[in-house]
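For reference, work-v4.txt is printed below; it contains compact mmCIF, C-alpha atoms.
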```
# COMPACT_ATOMS: atom_id res chain seq x y z
CA MET A 1 174.31 115.68 74.23
CA ASN A 2 176.14 116.53 77.46
CA GLU A 3 178.11 119.72 77.93
CA VAL A 4 180.71 118.03 80.12
CA PRO A 5 182.80 114.97 79.24
CA ALA A 6 181.27 111.63 80.23
CA VAL A 7 184.72 110.66 81.55
CA SER A 8 185.99 113.36 83.92
CA VAL A 9 189.55 114.64 84.10
CA GLN A 10 190.13 112.70 87.32
CA GLU A 11 188.78 109.48 85.84
CA MET A 12 190.94 109.90 82.76
CA GLN A 13 194.01 110.51 84.95
CA ARG A 14 193.20 107.34 86.86
CA LEU A 15 192.56 105.32 83.68
CA LEU A 16 195.90 106.38 82.26
CA SER A 17 197.93 105.88 85.42
CA ALA A 18 198.87 102.31 84.41
CA GLU A 19 200.38 103.73 81.24
CA LEU A 20 202.71 105.85 83.35
CA SER A 21 203.74 103.13 85.77
CA LEU A 22 207.44 103.21 86.66
CA ARG A 23 207.27 99.68 88.06
CA SER A 24 206.12 98.33 84.72
CA ARG A 25 209.00 100.06 82.91
CA VAL A 26 211.54 98.69 85.38
CA GLY A 27 209.97 95.24 84.94
CA TYR A 28 210.32 95.29 81.16
CA THR A 29 213.89 96.58 81.44
CA ALA A 30 214.69 93.65 83.75
CA LEU A 31 213.01 91.24 81.32
CA LEU A 32 215.11 92.63 78.48
CA LEU A 33 218.36 92.24 80.44
CA LEU A 34 217.58 88.73 81.67
CA ALA A 35 216.51 87.53 78.21
CA LEU A 36 219.68 88.98 76.71
CA ALA A 37 221.83 87.33 79.40
CA MET A 38 220.14 83.96 78.87
CA THR A 39 220.68 84.20 75.12
CA ILE A 40 224.36 85.03 75.58
CA VAL A 41 224.92 82.13 77.99
CA VAL A 42 223.25 79.59 75.68
CA ALA A 43 225.11 80.98 72.64
CA SER A 44 228.42 80.74 74.53
CA LEU A 45 227.78 77.11 75.46
CA TRP A 46 226.88 76.28 71.87
CA LEU A 47 229.93 78.05 70.43
CA THR A 48 232.35 76.31 72.80
CA GLU A 49 231.03 72.73 72.62
CA PRO A 50 232.36 71.16 69.40
CA THR A 51 230.85 67.74 69.91
CA LEU A 52 227.18 68.40 70.44
CA VAL A 53 224.69 65.92 69.03
CA PRO A 54 222.15 67.42 66.54
CA ARG A 55 219.32 67.09 69.06
CA THR A 56 221.19 69.31 71.56
CA GLN A 57 222.08 71.80 68.84
CA ILE A 58 218.41 72.09 67.92
CA ALA A 59 217.54 72.60 71.58
CA PHE A 60 220.14 75.38 71.88
CA ALA A 61 218.84 77.04 68.69
CA VAL A 62 215.29 76.97 70.04
CA MET A 63 216.43 78.45 73.37
CA ILE A 64 218.30 81.24 71.59
CA ALA A 65 215.25 81.95 69.43
CA ILE A 66 213.07 82.13 72.55
CA GLY A 67 215.57 84.45 74.26
CA LEU A 68 215.73 86.76 71.23
CA SER A 69 211.93 86.81 71.00
CA TRP A 70 211.71 88.02 74.60
CA VAL A 71 214.37 90.64 73.87
CA ALA A 72 212.42 91.86 70.82
CA TYR A 73 209.16 91.91 72.79
CA ALA A 74 210.66 93.91 75.68
CA VAL A 75 212.27 96.39 73.26
CA TRP A 76 208.94 96.83 71.46
CA VAL A 77 207.05 97.43 74.72
CA LEU A 78 209.62 99.97 75.93
CA ALA A 79 209.61 101.77 72.58
CA ARG A 80 205.87 101.73 71.80
CA ARG A 81 203.77 100.91 74.84
CA ARG A 82 205.47 101.70 78.14
CA VAL A 83 207.62 104.30 76.44
CA LEU A 84 210.78 105.26 78.31
CA LEU A 85 210.90 108.98 79.02
CA ALA A 86 214.16 110.79 79.77
CA GLY A 87 214.19 110.00 83.51
CA HIS A 88 213.23 106.38 82.88
CA ARG A 89 215.98 106.05 80.28
CA VAL A 90 218.61 107.12 82.78
CA LEU A 91 217.27 104.62 85.33
CA SER A 92 217.05 101.79 82.77
CA ALA A 93 220.54 102.50 81.46
CA ARG A 94 221.93 102.43 85.02
CA MET A 95 220.23 99.08 85.57
CA ALA A 96 221.80 97.82 82.35
CA VAL A 97 225.29 98.99 83.37
CA VAL A 98 225.09 97.36 86.81
CA PHE A 99 223.60 94.14 85.42
CA SER A 100 226.15 93.89 82.59
CA ALA A 101 229.06 94.57 84.94
CA LEU A 102 227.85 91.83 87.34
CA PHE A 103 227.39 89.50 84.38
CA VAL A 104 230.97 90.05 83.17
CA ILE A 105 232.46 89.75 86.68
CA GLY A 106 230.43 86.61 87.36
CA PHE A 107 231.52 84.80 84.21
CA VAL A 108 235.15 85.85 84.56
CA ALA A 109 235.03 84.39 88.09
CA ILE A 110 233.51 81.14 86.79
CA GLY A 111 236.18 80.98 84.08
CA LEU A 112 238.97 81.49 86.60
CA SER A 113 237.57 78.74 88.80
CA ASP A 114 238.42 76.33 85.98
CA HIS A 115 234.83 75.24 85.46
CA GLU A 116 233.50 75.36 81.86
CA GLN A 117 236.39 77.73 81.22
CA ARG A 118 235.93 78.38 77.49
CA ALA A 119 232.17 78.91 77.67
CA ALA A 120 232.51 81.20 80.69
CA PHE A 121 235.13 83.41 79.07
CA THR A 122 233.10 83.54 75.84
CA ALA A 123 230.05 84.67 77.81
CA ALA A 124 232.17 87.24 79.65
CA GLY A 125 233.50 88.49 76.30
CA LEU A 126 229.98 88.91 74.90
CA GLY A 127 229.03 90.53 78.22
CA VAL A 128 231.70 93.17 77.65
CA PHE A 129 229.86 94.21 74.46
CA MET A 130 226.63 94.37 76.45
CA LEU A 131 228.39 96.53 79.08
CA ALA A 132 229.82 98.86 76.43
CA ALA A 133 226.36 99.30 74.88
CA ALA A 134 224.85 99.97 78.33
CA VAL A 135 227.49 102.63 79.10
CA GLY A 136 226.81 104.26 75.71
CA LEU A 137 223.07 104.30 76.41
CA LEU A 138 223.65 105.79 79.86
CA ILE A 139 225.79 108.61 78.46
CA ARG A 140 223.17 109.40 75.81
CA ALA A 141 220.30 109.23 78.30
CA ARG A 142 222.06 111.59 80.74
CA ARG A 143 222.76 114.09 77.95
CA GLN A 144 219.13 114.05 76.83
CA PHE A 145 217.96 114.44 80.44
CA ALA A 146 220.30 117.41 80.98
CA ARG A 147 219.12 119.03 77.72
CA LEU A 148 215.48 118.77 78.78
CA LEU A 149 216.26 120.11 82.27
CA GLU A 150 217.93 123.13 80.68
CA ARG A 151 214.94 123.64 78.36
CA ARG A 152 212.62 123.51 81.36
CA ARG A 153 214.72 126.12 83.17
CA VAL A 154 214.64 128.47 80.15
CA LEU A 155 210.89 128.08 79.70
CA GLU A 156 210.23 128.75 83.38
CA LEU A 157 212.33 131.93 83.13
CA GLU A 158 210.48 133.10 80.00
CA LEU A 159 207.10 132.45 81.59
CA GLY A 160 208.22 134.21 84.77
CA ARG A 161 209.15 137.29 82.73
CA MET A 162 205.73 137.28 81.00
CA SER A 163 203.75 137.28 84.26
CA MET B 1 195.74 138.33 72.12
CA GLN B 2 199.09 137.45 70.53
CA ILE B 3 200.86 137.65 73.90
CA GLU B 4 198.21 135.42 75.46
CA ASN B 5 198.63 132.93 72.62
CA ASP B 6 202.44 132.96 73.03
CA ARG B 7 202.02 132.41 76.75
CA ARG B 8 199.70 129.44 76.20
CA MET B 9 202.16 127.89 73.78
CA LEU B 10 205.04 128.36 76.23
CA GLU B 11 202.97 126.80 79.00
CA ASP B 12 202.24 123.84 76.73
CA GLU B 13 205.90 123.48 75.84
CA LEU B 14 206.87 123.56 79.51
CA LEU B 15 204.32 120.85 80.31
CA VAL B 16 205.53 118.73 77.38
CA THR B 17 209.16 119.15 78.48
CA ARG B 18 208.25 118.06 82.02
CA CYS B 19 206.39 115.06 80.56
CA GLN B 20 209.39 114.17 78.42
CA LEU B 21 211.54 114.30 81.56
CA GLY B 22 209.16 111.73 83.05
CA GLU B 23 207.44 113.88 85.71
CA ARG B 24 204.25 112.09 86.69
CA GLU B 25 202.44 115.28 87.83
CA ALA B 26 203.06 116.93 84.46
CA PHE B 27 200.90 114.30 82.76
CA ASP B 28 198.09 115.00 85.20
CA ASP B 29 198.42 118.73 84.49
CA LEU B 30 198.44 118.10 80.73
CA ILE B 31 195.28 116.00 80.95
CA ALA B 32 193.58 118.57 83.19
CA ARG B 33 194.45 121.31 80.69
CA TRP B 34 193.41 119.60 77.46
CA HIS B 35 190.83 116.96 78.34
CA GLU B 36 187.76 119.14 77.84
CA PRO B 37 188.88 120.88 74.62
CA LEU B 38 189.72 117.45 73.20
CA TRP B 39 186.38 116.06 74.25
CA ARG B 40 184.47 119.01 72.77
CA TYR B 41 186.35 118.58 69.49
CA ALA B 42 185.65 114.84 69.39
CA ARG B 43 182.01 115.33 70.29
CA ARG B 44 181.47 117.96 67.60
CA LEU B 45 182.93 115.66 64.99
CA THR B 46 181.34 112.43 66.09
CA GLY B 47 178.09 113.98 67.33
CA ASP B 48 177.92 111.29 69.99
CA ASP B 49 178.91 111.34 73.68
CA ASP B 50 180.03 107.71 73.88
CA ALA B 51 182.04 107.86 70.67
CA ALA B 52 183.64 111.10 71.88
CA ALA B 53 184.59 109.52 75.23
CA GLU B 54 186.17 106.50 73.52
CA THR B 55 187.95 108.76 71.05
CA VAL B 56 189.41 110.94 73.78
CA GLN B 57 190.70 107.94 75.72
CA GLU B 58 192.39 106.61 72.58
CA VAL B 59 193.88 110.03 71.89
CA TRP B 60 195.34 110.27 75.39
CA LEU B 61 196.88 106.82 75.05
CA ARG B 62 198.55 107.86 71.81
CA VAL B 63 199.68 111.18 73.29
CA LEU B 64 201.28 109.44 76.27
CA ARG B 65 202.99 106.89 74.05
CA GLY B 66 204.20 109.43 71.52
CA ILE B 67 205.13 112.45 73.61
CA ALA B 68 208.76 111.35 74.00
CA ARG B 69 209.17 111.73 70.24
CA LEU B 70 207.46 115.12 69.94
CA ARG B 71 209.90 117.63 68.49
CA VAL B 72 210.34 121.00 70.22
CA GLN B 73 209.56 122.88 67.00
CA MET B 74 206.07 121.45 66.71
CA SER B 75 203.14 123.01 68.53
CA PHE B 76 201.74 120.56 71.06
CA ARG B 77 198.11 121.43 70.37
CA ALA B 78 198.58 120.98 66.60
CA TRP B 79 200.19 117.58 67.25
CA MET B 80 197.49 116.54 69.72
CA PHE B 81 194.57 117.66 67.54
CA GLY B 82 196.28 115.92 64.60
CA ILE B 83 196.16 112.67 66.59
CA ALA B 84 192.56 113.35 67.61
CA ARG B 85 191.60 114.00 64.03
CA ARG B 86 193.17 110.73 62.85
CA VAL B 87 191.35 108.78 65.56
CA VAL B 88 188.02 110.43 64.71
CA MET B 89 188.53 109.96 60.97
CA ASP B 90 189.30 106.29 61.46
CA ARG B 91 185.85 106.07 63.08
CA LEU B 92 184.16 108.16 60.44
CA ARG B 93 186.01 106.85 57.42
CA VAL B 94 182.83 106.19 55.50
CA ALA B 95 181.29 109.55 56.32
CA TYR B 96 184.56 111.26 55.48
CA ALA B 97 184.75 109.85 51.95
CA GLU B 98 182.31 112.50 50.89
CA PRO B 99 182.09 115.50 48.56
CA SER B 100 185.25 116.93 47.10
CA VAL B 101 186.59 120.45 46.95
CA ASP B 102 184.85 122.88 44.59
CA SER B 103 187.22 125.09 42.70
CA VAL B 104 187.82 128.19 44.78
CA ASP B 105 189.57 131.46 43.98
CA LEU B 106 192.13 131.61 46.81
CA SER B 107 192.67 135.34 46.37
CA THR B 108 189.15 135.92 47.66
CA ILE B 109 189.87 134.09 50.88
CA PRO B 110 190.45 136.28 53.93
CA ASP B 111 193.25 135.67 56.43
CA GLU B 112 193.02 134.66 60.10
CA GLN B 113 191.52 137.97 61.16
CA ASP B 114 188.35 137.21 59.26
CA SER B 115 185.40 138.78 60.98
CA PHE B 116 182.71 136.20 60.33
CA ASP B 117 180.45 136.48 63.32
CA VAL B 118 180.49 133.01 64.89
CA GLU B 119 178.95 134.35 68.05
CA HIS B 120 175.75 135.23 66.25
CA ASP B 121 172.75 133.16 67.18
CA LEU B 122 174.77 130.44 68.85
CA SER B 123 172.09 127.82 69.28
CA VAL B 124 171.14 127.78 65.57
CA MET B 125 174.75 127.95 64.55
CA HIS B 126 175.77 124.97 66.70
CA GLU B 127 172.84 123.05 65.30
CA GLU B 128 173.81 123.84 61.73
CA LEU B 129 177.47 123.18 62.48
CA ALA B 130 176.56 119.68 63.65
CA ARG B 131 174.74 119.12 60.33
CA LEU B 132 177.71 120.03 58.15
CA PRO B 133 179.67 117.23 56.46
CA VAL B 134 182.52 116.08 58.68
CA THR B 135 185.28 117.70 56.57
CA GLU B 136 183.74 121.15 56.87
CA ARG B 137 182.76 120.69 60.52
CA ASP B 138 186.31 119.59 61.33
CA VAL B 139 188.00 122.67 59.90
CA LEU B 140 185.51 125.13 61.43
CA VAL B 141 185.73 123.56 64.89
CA LEU B 142 189.52 123.59 64.88
CA PHE B 143 189.79 127.14 63.57
CA TYR B 144 187.01 128.93 65.45
CA LEU B 145 186.33 126.85 68.54
CA GLN B 146 189.81 125.46 69.27
CA GLU B 147 191.47 128.63 67.89
CA LEU B 148 194.22 126.87 65.98
CA THR B 149 196.19 129.09 63.61
CA LEU B 150 196.30 128.42 59.86
CA ILE B 151 199.81 126.99 60.22
CA GLU B 152 198.71 124.66 63.03
CA LEU B 153 195.66 123.65 60.98
CA ALA B 154 197.92 122.78 58.07
CA ASP B 155 199.92 120.54 60.44
CA VAL B 156 196.81 118.91 61.86
CA LEU B 157 195.18 118.29 58.48
CA ALA B 158 198.52 117.44 56.81
CA VAL B 159 197.73 119.73 53.87
CA PRO B 160 199.23 122.99 52.54
CA ILE B 161 197.94 126.31 53.91
CA GLY B 162 196.22 127.04 50.59
CA THR B 163 194.13 123.91 51.00
CA VAL B 164 193.30 124.91 54.58
CA LYS B 165 192.07 128.27 53.30
CA SER B 166 189.96 126.66 50.60
CA ARG B 167 188.42 124.25 53.11
CA LEU B 168 187.68 127.11 55.48
CA PHE B 169 186.15 129.10 52.67
CA ARG B 170 183.94 126.22 51.59
CA ALA B 171 182.93 125.42 55.17
CA ARG B 172 182.04 129.01 56.00
CA HIS B 173 180.14 129.36 52.74
CA LEU B 174 178.17 126.20 53.43
CA LEU B 175 177.42 127.19 57.03
CA ARG B 176 176.43 130.72 56.01
CA ARG B 177 174.07 129.39 53.33
CA ASN B 178 172.46 126.97 55.78
CA LEU B 179 172.05 129.74 58.36
CA ILE B 180 170.43 132.03 55.78
CA ASP B 181 168.08 129.21 54.82
CA LYS B 182 167.14 129.03 58.51
CA GLY B 183 166.43 132.74 58.50
CA VAL B 184 169.50 133.67 60.50
CA ARG B 185 171.20 136.92 59.51
CA SER B 186 174.81 136.27 58.40
```

Please, can you express the file's structure as structure tokens?
Amino acid sequence: MNEVPAVSVQEMQRLLSAELSLRSRVGYTALLLLALAMTIVVASLWLTEPTLVPRTQIAFAVMIAIGLSWVAYAVWVLARRRVLLAGHRVLSARMAVVFSALFVIGFVAIGLSDHEQRAAFTAAGLGVFMLAAAVGLLIRARRQFARLLERRRVLELELGRMS
Amino acid sequence: MQIENDRRMLEDELLVTRCQLGEREAFDDLIARWHEPLWRYARRLTGDDDAAAETVQEVWLRVLRGIARLRVQMSFRAWMFGIARRVVMDRLRVAYAEPSVDSVDLSTIPDEQDSFDVEHDLSVMHEELARLPVTERDVLVLFYLQELTLIELADVLAVPIGTVKSRLFRARHLLRRNLIDKGVRS
């Protein structure tokens, strides 16, 4: 048997670099937001169209199911595979706030332009919930980030005193 | 010794905190610090270089994916070796379903400062260590070679401290007997 690992420290760092990819985390956050937005838009159309034929209703239901599946998948990846660390959470929450705000503004503008008014305002209303959740997540993420920064400062001080 | 141990734990906690913040370099430092101890632990338990390499890679994946949820109160090395142990045991499940605990008088079991001379005749000892059943090998490697405390061992093995002591007692007894059989002075 060898006395040194078959896979060196440098190789292991390289092998695990994909796990730590920021781009991948941003990508899954974007997927989550887009899938959520698509689901909200389809749900708003369905809720505001009283005279849809059954075939269209089935199509809407399938599209909502697909949208929710993508949401669930992205949440699972971000919670279990490309796990969001404190800094990533702040970035993802900021993305969510900006995206949700644009979503609300966009659908309010469409509603005011008198085109698909009811569906647009319904989507904007649901978007407000998405925006509120995003703001809540951002506040929590920033608090956690600040707590960890403080812990790092204290530990560095303690270690400095010991040396 | 105690101060050095405290310092190592603080350094670990600082690295974990930096990882939890999302600092990329902290993960590299963590891997550089713990890769070899992890590999040595996995190799001692599996007795095979390839299996140890695969085990360590799996352990690092789980560490990276779980570090955000690691609580401040828990020692990083106990948590990491706990993961490593679960990965190894999954591989050795059949071998691990082996002999059970003999009844042991816990009052006869010494504490952490036990003076059993693990340095004595290293080559024979390592050989005999590799021949021990995996349960006994596991506890001896973690206690003597990875220098985990009894409390950390209890965390890693997910058993009470009394059970850790009884396993240590049995493992040392078994190793000592094997060494005597080989003509090594205990």

Quick one: residues within 6 Å of segment 38-43 of chain A, only C-alpha atoms counted, chain neighbours fewer than 5 positions away excluded, as number ranges by chain?
A: 64, 67, 123

Measure the distance from atom CA of Leu52 of chain A to atom CA of Phe121 of chain A in Å and round it to one decimal.
19.1 Å

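Our summary of the geometry notes that atom CA of Ala30 of chain A is positioned 18.9 Å from atom CA of Gly22 of chain B.
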
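Within 6 Å of segment 126-141 of chain A there are A:Arg89, A:Val90, A:Ala93, A:Ala96, A:Val97, A:Ser100, A:Val104, A:Ala123, A:Gln144, counting only C-alpha atoms and ignoring same-chain residues fewer than 3 positions away.
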
Quick one: distance from atom CA of Thr17 of chain B to atom CA of Phe76 of chain B in Å, one decimal?
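According to the coordinates, atom CA of Thr17 of chain B and atom CA of Phe76 of chain B are separated by 10.6 Å.
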
Which one is closest to Trp39 of chain B: B:Gly66, B:Ala84, B:Arg77, B:Glu13? Count all atoms listed in the file.
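Under the stated criterion, the closest residue is B:Ala84.
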